[in-house]
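K.L.:
This structure is in structure tokens; I'll ask about it shortly.
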Amino acid sequence: MFNKETQKEAGSQDTIVAQGVRVEGDFKSHGNIIIEGEVHGTIRTERDLRVGEQARIVANVWAESAVVSGEVQGNMKIAERVELTPTSRVTGDIEAKTVSIAPGAILNGRCTMPGGPETIAATVPKSAKRSRTQTSIVEVEEPQIS
Amino acid sequence: MYYYIYDSFVQSKEHAKELAAVENRLADFGITGNIGRLSLFRDAGELVGDEVKRGAKTIVVVGDDSTVRKVIDAAAIARVTLAIIPIGAAQVFGRLLGIPSGAAAVEVLARRRLLTVDVGKVNGRYFLSQVRIPAGNFRMRCEGNFDLKSDRPGALQIRNMGWVAGDAAPELGDPQDGMLEAVIDAPTGGNWMHKATMRRSTIPVKKMVIEGDKPIPAFVDEEKYAHARLEVSIVPHRLRMIVGRDRLV
């Protein structure tokens with residue numbers, strides 16, 4: 001995902017927001033973005049976003065793909081793939097082609113995968129029941145071990 | 001047509017031998033030209049402006065880093081090709097551009113390997129390498145769209161080419177990408193037992209405003225410049241420079 005060769009071809013650099021630094025406002029980049037600090041506002045990139053374990057994002061996010069290990073409060077619109085690792089905590093809606101949610105990840109919001117229900121509807125036999133909604137609500141919480 | 005700008009110190013006895021060697025080598029390569037001398041009464045802007053009107057296309061700075069600083073503004077305004085023959089102790093620009101000291105630089109000049117570079121601008125004045133601001137209290141606004149804040153005061157470098165300080169590892173930027181690189185080094189964590197950890201943020205920007213309640217002590221191309229408000233921006237592909245094969249940028 002964070003391919004140095006592709007980065008050079010596009011002529012754009014990685015943006016890194018380290019721990020202890022906060023970005024406030026409309027944050028745009030043409031390259032990959034790595035957040036270890038805080039962002040409040042909006043985040044847009046044509047490339048990849050990585051949210052570190054200690055990172056805190058209170059923003060709507062647009063990216064090509066994303067790996068989330070920290071906290072995101074806001075909606076995420078991802079063109080390709082979003083991966084929620086075990087330490088991620090997302091409050092907001094996610095829209096992506098592919099969603100990967102690891103055990104331990106927390107997601108409170110809607111998860112929409114474009115092309116899913118319509119594609120399925122085209123291949124499902126007429127006799128089969130159709131779902132009324134095109135979105136599904138996914139809640140994944142840490143299992144309670146007694 | 002080449003125009004040579006000599007700094008005042010290169011004409012001293014200390015550098016006479018080195019300067020003579022440079023001039024002989026220029027004659028060997030057949031690339032001599034008119035010479036202008038910086039002085040109290042003649043600054044680089046006047047010299048460059050007059051010679052460009054007479055048809056000079058390449059300005060060659062003969063001196064050290066401070067000489068380059070004196071000429072860069074005029075060269076960027078006139079959009080000439082800029083070259084350096086480093087003479088003197090301070091030769092960071094020579095290192096960045098792969099140009100050896102003294103007479104050996106003439107060979108690089110004769111080869112005429114060209115690199116088109118971006119130039120930075122701070123409060124209307126051009127710079128080549130970087131704007132450096134030591135740790136302090138100041139506000140940072142990027143692209144007019146977002147603010148950068150640090151939990152604890154951190155140092156800021158806004159790099160175009162970057163800099164090499166002594167024997168330390170070079171801290172470089174890309175002077176051809178049409179962007180500046182805002183680098184913030186700020187401490188996090190730490191207490192009475194453990195030292196704080198310095199963490200680095202790197203944010204590519206085209207424009208940045210740094211403001212403080214009092215004049216901010218900044219270094220532009222490592223020359224002191226204090227102002228309460230610094231407007232820094234990039235001017236892409238502004239200057240052509242003659243560079244050596246072993247350049248760092």
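Naming scheme: A, B, ... for chains in displayed order of the structure tokens; residues 1 onward per chain; ligands 1 onward as shown.
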Contacts between chain B and chain A, please, where a residue of chain A counts if it comes within 12 Å (with only C-alpha atoms); show its shortest atom pair and distance in Å to one decimal, rows by chain and ascending number, as JSON lines.
P.N.:
```
{"residue": "A:Gln7", "atom": "CA", "partner": "B:Asp177", "partner_atom": "CA", "distance": 11.9}
{"residue": "A:Lys8", "atom": "CA", "partner": "B:Asp177", "partner_atom": "CA", "distance": 10.1}
{"residue": "A:Glu9", "atom": "CA", "partner": "B:Asp177", "partner_atom": "CA", "distance": 11.3}
{"residue": "A:Ala10", "atom": "CA", "partner": "B:Asp177", "partner_atom": "CA", "distance": 10.0}
{"residue": "A:Gly11", "atom": "CA", "partner": "B:Asp177", "partner_atom": "CA", "distance": 6.4}
{"residue": "A:Ser12", "atom": "CA", "partner": "B:Asp177", "partner_atom": "CA", "distance": 7.5}
{"residue": "A:Gln13", "atom": "CA", "partner": "B:Pro204", "partner_atom": "CA", "distance": 6.9}
{"residue": "A:Asp14", "atom": "CA", "partner": "B:Ile203", "partner_atom": "CA", "distance": 7.6}
{"residue": "A:Thr15", "atom": "CA", "partner": "B:Ile203", "partner_atom": "CA", "distance": 4.8}
{"residue": "A:Ile16", "atom": "CA", "partner": "B:Thr202", "partner_atom": "CA", "distance": 4.9}
{"residue": "A:Val17", "atom": "CA", "partner": "B:Ser201", "partner_atom": "CA", "distance": 4.8}
{"residue": "A:Ala18", "atom": "CA", "partner": "B:Ser201", "partner_atom": "CA", "distance": 4.9}
{"residue": "A:Gln19", "atom": "CA", "partner": "B:Arg199", "partner_atom": "CA", "distance": 6.8}
{"residue": "A:Gly20", "atom": "CA", "partner": "B:Asp151", "partner_atom": "CA", "distance": 5.3}
{"residue": "A:Val21", "atom": "CA", "partner": "B:Ser150", "partner_atom": "CA", "distance": 4.5}
{"residue": "A:Arg22", "atom": "CA", "partner": "B:Lys149", "partner_atom": "CA", "distance": 5.0}
{"residue": "A:Val23", "atom": "CA", "partner": "B:Leu148", "partner_atom": "CA", "distance": 4.8}
{"residue": "A:Glu24", "atom": "CA", "partner": "B:Asp147", "partner_atom": "CA", "distance": 5.1}
{"residue": "A:Gly25", "atom": "CA", "partner": "B:Phe146", "partner_atom": "CA", "distance": 4.2}
{"residue": "A:Asp26", "atom": "CA", "partner": "B:Asn145", "partner_atom": "CA", "distance": 5.5}
{"residue": "A:Phe27", "atom": "CA", "partner": "B:Phe146", "partner_atom": "CA", "distance": 6.0}
{"residue": "A:Lys28", "atom": "CA", "partner": "B:Asn145", "partner_atom": "CA", "distance": 8.7}
{"residue": "A:Ser29", "atom": "CA", "partner": "B:Pro204", "partner_atom": "CA", "distance": 7.8}
{"residue": "A:His30", "atom": "CA", "partner": "B:Pro204", "partner_atom": "CA", "distance": 9.2}
{"residue": "A:Gly31", "atom": "CA", "partner": "B:Pro204", "partner_atom": "CA", "distance": 9.0}
{"residue": "A:Asn32", "atom": "CA", "partner": "B:Ile203", "partner_atom": "CA", "distance": 10.6}
{"residue": "A:Ile33", "atom": "CA", "partner": "B:Ile203", "partner_atom": "CA", "distance": 9.1}
{"residue": "A:Ile34", "atom": "CA", "partner": "B:Ser201", "partner_atom": "CA", "distance": 9.5}
{"residue": "A:Ile35", "atom": "CA", "partner": "B:Ser201", "partner_atom": "CA", "distance": 9.3}
{"residue": "A:Glu36", "atom": "CA", "partner": "B:Ser201", "partner_atom": "CA", "distance": 9.2}
{"residue": "A:Gly37", "atom": "CA", "partner": "B:Ser201", "partner_atom": "CA", "distance": 9.2}
{"residue": "A:Glu38", "atom": "CA", "partner": "B:Lys149", "partner_atom": "CA", "distance": 9.6}
{"residue": "A:Val39", "atom": "CA", "partner": "B:Leu148", "partner_atom": "CA", "distance": 9.4}
{"residue": "A:His40", "atom": "CA", "partner": "B:Phe146", "partner_atom": "CA", "distance": 9.4}
{"residue": "A:Gly41", "atom": "CA", "partner": "B:Phe146", "partner_atom": "CA", "distance": 8.6}
{"residue": "A:Thr42", "atom": "CA", "partner": "B:Phe146", "partner_atom": "CA", "distance": 9.5}
{"residue": "A:Ile43", "atom": "CA", "partner": "B:Phe146", "partner_atom": "CA", "distance": 10.4}
```
K.L.:
Export, as an mmCIF file, in the first residue's frame, the selected residues with C-alpha atoms.
P.N.:
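Here's the written file part-v4.cif:
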```
data_model
loop_
_atom_site.group_PDB
_atom_site.id
_atom_site.type_symbol
_atom_site.label_atom_id
_atom_site.label_comp_id
_atom_site.auth_asym_id
_atom_site.auth_seq_id
_atom_site.Cartn_x
_atom_site.Cartn_y
_atom_site.Cartn_z
ATOM 1 C CA GLN A 7 5.222 7.694 -4.445
ATOM 2 C CA LYS A 8 8.216 8.829 -6.531
ATOM 3 C CA GLU A 9 6.370 8.334 -9.809
ATOM 4 C CA ALA A 10 3.546 10.612 -8.696
ATOM 5 C CA GLY A 11 6.053 13.150 -7.436
ATOM 6 C CA SER A 12 4.210 13.479 -4.098
ATOM 7 C CA GLN A 13 5.614 12.991 -0.637
ATOM 8 C CA ASP A 14 4.189 11.271 2.417
ATOM 9 C CA THR A 15 2.589 13.562 4.963
ATOM 10 C CA ILE A 16 3.333 12.577 8.557
ATOM 11 C CA VAL A 17 1.539 14.107 11.524
ATOM 12 C CA ALA A 18 3.467 12.897 14.549
ATOM 13 C CA GLN A 19 2.292 12.452 18.126
ATOM 14 C CA GLY A 20 1.981 15.774 19.877
ATOM 15 C CA VAL A 21 0.972 17.669 16.729
ATOM 16 C CA ARG A 22 -2.597 18.634 15.880
ATOM 17 C CA VAL A 23 -4.039 19.647 12.522
ATOM 18 C CA GLU A 24 -7.197 21.772 12.531
ATOM 19 C CA GLY A 25 -9.108 22.526 9.359
ATOM 20 C CA ASP A 26 -9.420 21.147 5.824
ATOM 21 C CA PHE A 27 -6.378 18.937 5.442
ATOM 22 C CA LYS A 28 -5.608 17.917 1.861
ATOM 23 C CA SER A 29 -2.694 16.015 0.416
ATOM 24 C CA HIS A 30 -1.788 14.517 -2.941
ATOM 25 C CA GLY A 31 0.352 11.841 -1.303
ATOM 26 C CA ASN A 32 0.002 9.228 1.428
ATOM 27 C CA ILE A 33 -0.952 10.472 4.887
ATOM 28 C CA ILE A 34 0.245 8.944 8.147
ATOM 29 C CA ILE A 35 -1.463 10.237 11.291
ATOM 30 C CA GLU A 36 0.061 9.559 14.698
ATOM 31 C CA GLY A 37 -1.243 12.807 16.232
ATOM 32 C CA GLU A 38 -4.631 14.515 15.993
ATOM 33 C CA VAL A 39 -6.712 15.878 13.165
ATOM 34 C CA HIS A 40 -9.890 17.939 13.552
ATOM 35 C CA GLY A 41 -11.820 18.936 10.446
ATOM 36 C CA THR A 42 -11.596 17.000 7.175
ATOM 37 C CA ILE A 43 -8.943 14.806 5.581
#
```
K.L.:
Show me, as a PyMOL selection string, the residues that have an atom within 12 Å of Ser12 in chain B when counting only C-alpha atoms, minus same-chain residues fewer than 6 positions from it.
P.N.:
chain B and resi 6+18-20+63+87-88
K.L.:
Mind writing the picked residues with N, CA and C atoms as an mmCIF file, in the first residue's frame?
P.N.:
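Ended up saving to part.cif:
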```cif
data_model
loop_
_atom_site.group_PDB
_atom_site.id
_atom_site.type_symbol
_atom_site.label_atom_id
_atom_site.label_comp_id
_atom_site.auth_asym_id
_atom_site.auth_seq_id
_atom_site.Cartn_x
_atom_site.Cartn_y
_atom_site.Cartn_z
ATOM 1 N N TYR B 6 32.164 38.700 -8.031
ATOM 2 C CA TYR B 6 33.129 38.393 -6.979
ATOM 3 C C TYR B 6 32.667 39.035 -5.679
ATOM 4 N N GLU B 18 44.159 31.232 -4.831
ATOM 5 C CA GLU B 18 43.008 30.406 -5.248
ATOM 6 C C GLU B 18 42.247 31.091 -6.380
ATOM 7 N N LEU B 19 42.085 32.409 -6.251
ATOM 8 C CA LEU B 19 41.353 33.146 -7.281
ATOM 9 C C LEU B 19 42.109 33.131 -8.602
ATOM 10 N N ALA B 20 43.422 33.265 -8.505
ATOM 11 C CA ALA B 20 44.248 33.234 -9.731
ATOM 12 C C ALA B 20 44.110 31.878 -10.418
ATOM 13 N N GLY B 63 32.425 33.019 -4.475
ATOM 14 C CA GLY B 63 32.424 33.355 -3.054
ATOM 15 C C GLY B 63 31.874 32.198 -2.252
ATOM 16 N N ILE B 87 34.460 29.633 -2.935
ATOM 17 C CA ILE B 87 35.743 30.025 -2.345
ATOM 18 C C ILE B 87 35.428 30.488 -0.928
ATOM 19 N N GLY B 88 36.210 30.055 0.033
ATOM 20 C CA GLY B 88 35.941 30.454 1.415
ATOM 21 C C GLY B 88 35.521 29.266 2.241
#
```
K.L.:
Which residues, written as a JSON list (two decimals) with N, CA and C atoms, in the first residue's frame, have at least one atom at most 6 Å from Arg50 in chain A, with only C-alpha atoms counted and residues fewer than 5 positions away on the same chain left out?
P.N.:
```json
[["chain", "number", "residue", "atom", "x", "y", "z"],
["A", 34, "ILE", "N", 0.06, 9.78, 6.96],
["A", 34, "ILE", "CA", 0.24, 8.94, 8.15],
["A", 34, "ILE", "C", -0.06, 9.82, 9.35],
["A", 66, "ALA", "N", -7.36, 2.88, 3.27],
["A", 66, "ALA", "CA", -7.05, 3.29, 4.63],
["A", 66, "ALA", "C", -6.77, 2.10, 5.52],
["A", 67, "VAL", "N", -5.83, 2.28, 6.44],
["A", 67, "VAL", "CA", -5.58, 1.31, 7.50],
["A", 67, "VAL", "C", -5.75, 2.08, 8.80],
["A", 68, "VAL", "N", -6.68, 1.63, 9.64],
["A", 68, "VAL", "CA", -7.01, 2.38, 10.86],
["A", 68, "VAL", "C", -6.62, 1.55, 12.07]]
```
K.L.:
What lies within 8 Å of Leu96 in chain B using only C-alpha atoms, ignoring chain neighbours under 5 positions off, as a list of chain:residue names?
P.N.:
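After dropping sequence-adjacent residues, the list is B:Met161, B:Trp163, B:Val164, B:Arg247, B:Leu248, B:Val249.
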K.L.:
Could you tell me how far CA of Glu51 in chain B sits from CA of Ile5 in chain B, in Å to one decimal place?
P.N.:
10.5 Å
K.L.:
Among range 26-242 of chain B, which residues does DSSP mark as strand (DSSP E) when it is run on the backbone? Keep the chain and numbering as in the structure and answer as a VMD selection string.
P.N.:
chain B and resid 34 to 37 58 to 63 81 to 86 114 to 122 125 to 127 130 to 133 139 to 142 146 to 150 155 to 159 162 to 163 171 to 172 180 to 188 197 to 205 207 to 220 223 to 242
K.L.:
From range 2-239 of chain B, collect each residue whose DSSP state is alpha helix (DSSP H) and return the set as a PyMOL selection string.
P.N.:
chain B and resi 16-29+44-53+65-78+92-97+104-111
K.L.:
As a PyMOL selection string, please: the residues near range 83-96 of chain A (cut-off 8 Å, only C-alpha atoms, same-chain neighbours under 3 positions excluded).
P.N.:
chain A and resi 53+66-80+99-114
K.L.:
Write out, as a PDB file, in the first residue's frame, the residues just selected, with C-alpha atoms.
P.N.:
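For reference, selection-v9.pdb as written:
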```
ATOM      1  CA  GLU A  53      -2.678   3.487  17.390  1.00  0.00           C
ATOM      2  CA  ALA A  66      -7.048   3.294   4.635  1.00  0.00           C
ATOM      3  CA  VAL A  67      -5.582   1.313   7.503  1.00  0.00           C
ATOM      4  CA  VAL A  68      -7.011   2.376  10.859  1.00  0.00           C
ATOM      5  CA  SER A  69      -5.378   1.449  14.154  1.00  0.00           C
ATOM      6  CA  GLY A  70      -6.515   4.412  16.243  1.00  0.00           C
ATOM      7  CA  GLU A  71      -9.614   6.478  16.845  1.00  0.00           C
ATOM      8  CA  VAL A  72     -11.764   7.984  14.094  1.00  0.00           C
ATOM      9  CA  GLN A  73     -14.898   9.994  14.790  1.00  0.00           C
ATOM     10  CA  GLY A  74     -16.382  10.815  11.436  1.00  0.00           C
ATOM     11  CA  ASN A  75     -17.495   9.275   8.184  1.00  0.00           C
ATOM     12  CA  MET A  76     -14.989   7.538   5.950  1.00  0.00           C
ATOM     13  CA  LYS A  77     -15.402   7.397   2.196  1.00  0.00           C
ATOM     14  CA  ILE A  78     -12.699   5.126   0.840  1.00  0.00           C
ATOM     15  CA  ALA A  79     -12.388   4.318  -2.869  1.00  0.00           C
ATOM     16  CA  GLU A  80     -10.843   0.916  -2.486  1.00  0.00           C
ATOM     17  CA  VAL A  99     -13.824  -3.670   4.318  1.00  0.00           C
ATOM     18  CA  SER A 100     -11.628  -5.750   6.572  1.00  0.00           C
ATOM     19  CA  ILE A 101     -12.463  -5.699  10.283  1.00  0.00           C
ATOM     20  CA  ALA A 102     -10.084  -7.510  12.605  1.00  0.00           C
ATOM     21  CA  PRO A 103     -11.244  -9.108  15.866  1.00  0.00           C
ATOM     22  CA  GLY A 104     -11.124  -6.446  18.571  1.00  0.00           C
ATOM     23  CA  ALA A 105     -11.881  -3.548  16.220  1.00  0.00           C
ATOM     24  CA  ILE A 106     -14.774  -1.317  17.279  1.00  0.00           C
ATOM     25  CA  LEU A 107     -17.052   0.112  14.620  1.00  0.00           C
ATOM     26  CA  ASN A 108     -20.222   2.009  15.499  1.00  0.00           C
ATOM     27  CA  GLY A 109     -21.808   3.122  12.277  1.00  0.00           C
ATOM     28  CA  ARG A 110     -23.067   2.003   8.902  1.00  0.00           C
ATOM     29  CA  CYS A 111     -20.912   0.050   6.526  1.00  0.00           C
ATOM     30  CA  THR A 112     -21.728   0.497   2.834  1.00  0.00           C
ATOM     31  CA  MET A 113     -20.004  -1.390   0.051  1.00  0.00           C
ATOM     32  CA  PRO A 114     -20.944   0.038  -3.346  1.00  0.00           C
TER      33      PRO A 114
END
```
K.L.:
What does the distance from CA of Ile57 in chain A to CA of Val82 in chain A come to in Å, to one decimal?
P.N.:
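Taking CA of Ile57 in chain A as the start and CA of Val82 in chain A as the end point, the length is 15.4 Å.
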K.L.:
Quick one: everything within 9 Å of range 221-224 of chain B, counting only C-alpha atoms, minus sequence neighbours fewer than 4 positions away in the same chain. Send it as a PyMOL selection string.
P.N.:
chain B and resi 65-66+69+127-132+162-163+217
K.L.:
Quick one: pull the distance between CA of Leu40 in chain B and CA of Phe9 in chain B, Å, one decimal.
P.N.:
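Spanning CA of Leu40 in chain B to CA of Phe9 in chain B is a straight-line distance of 12.3 Å.
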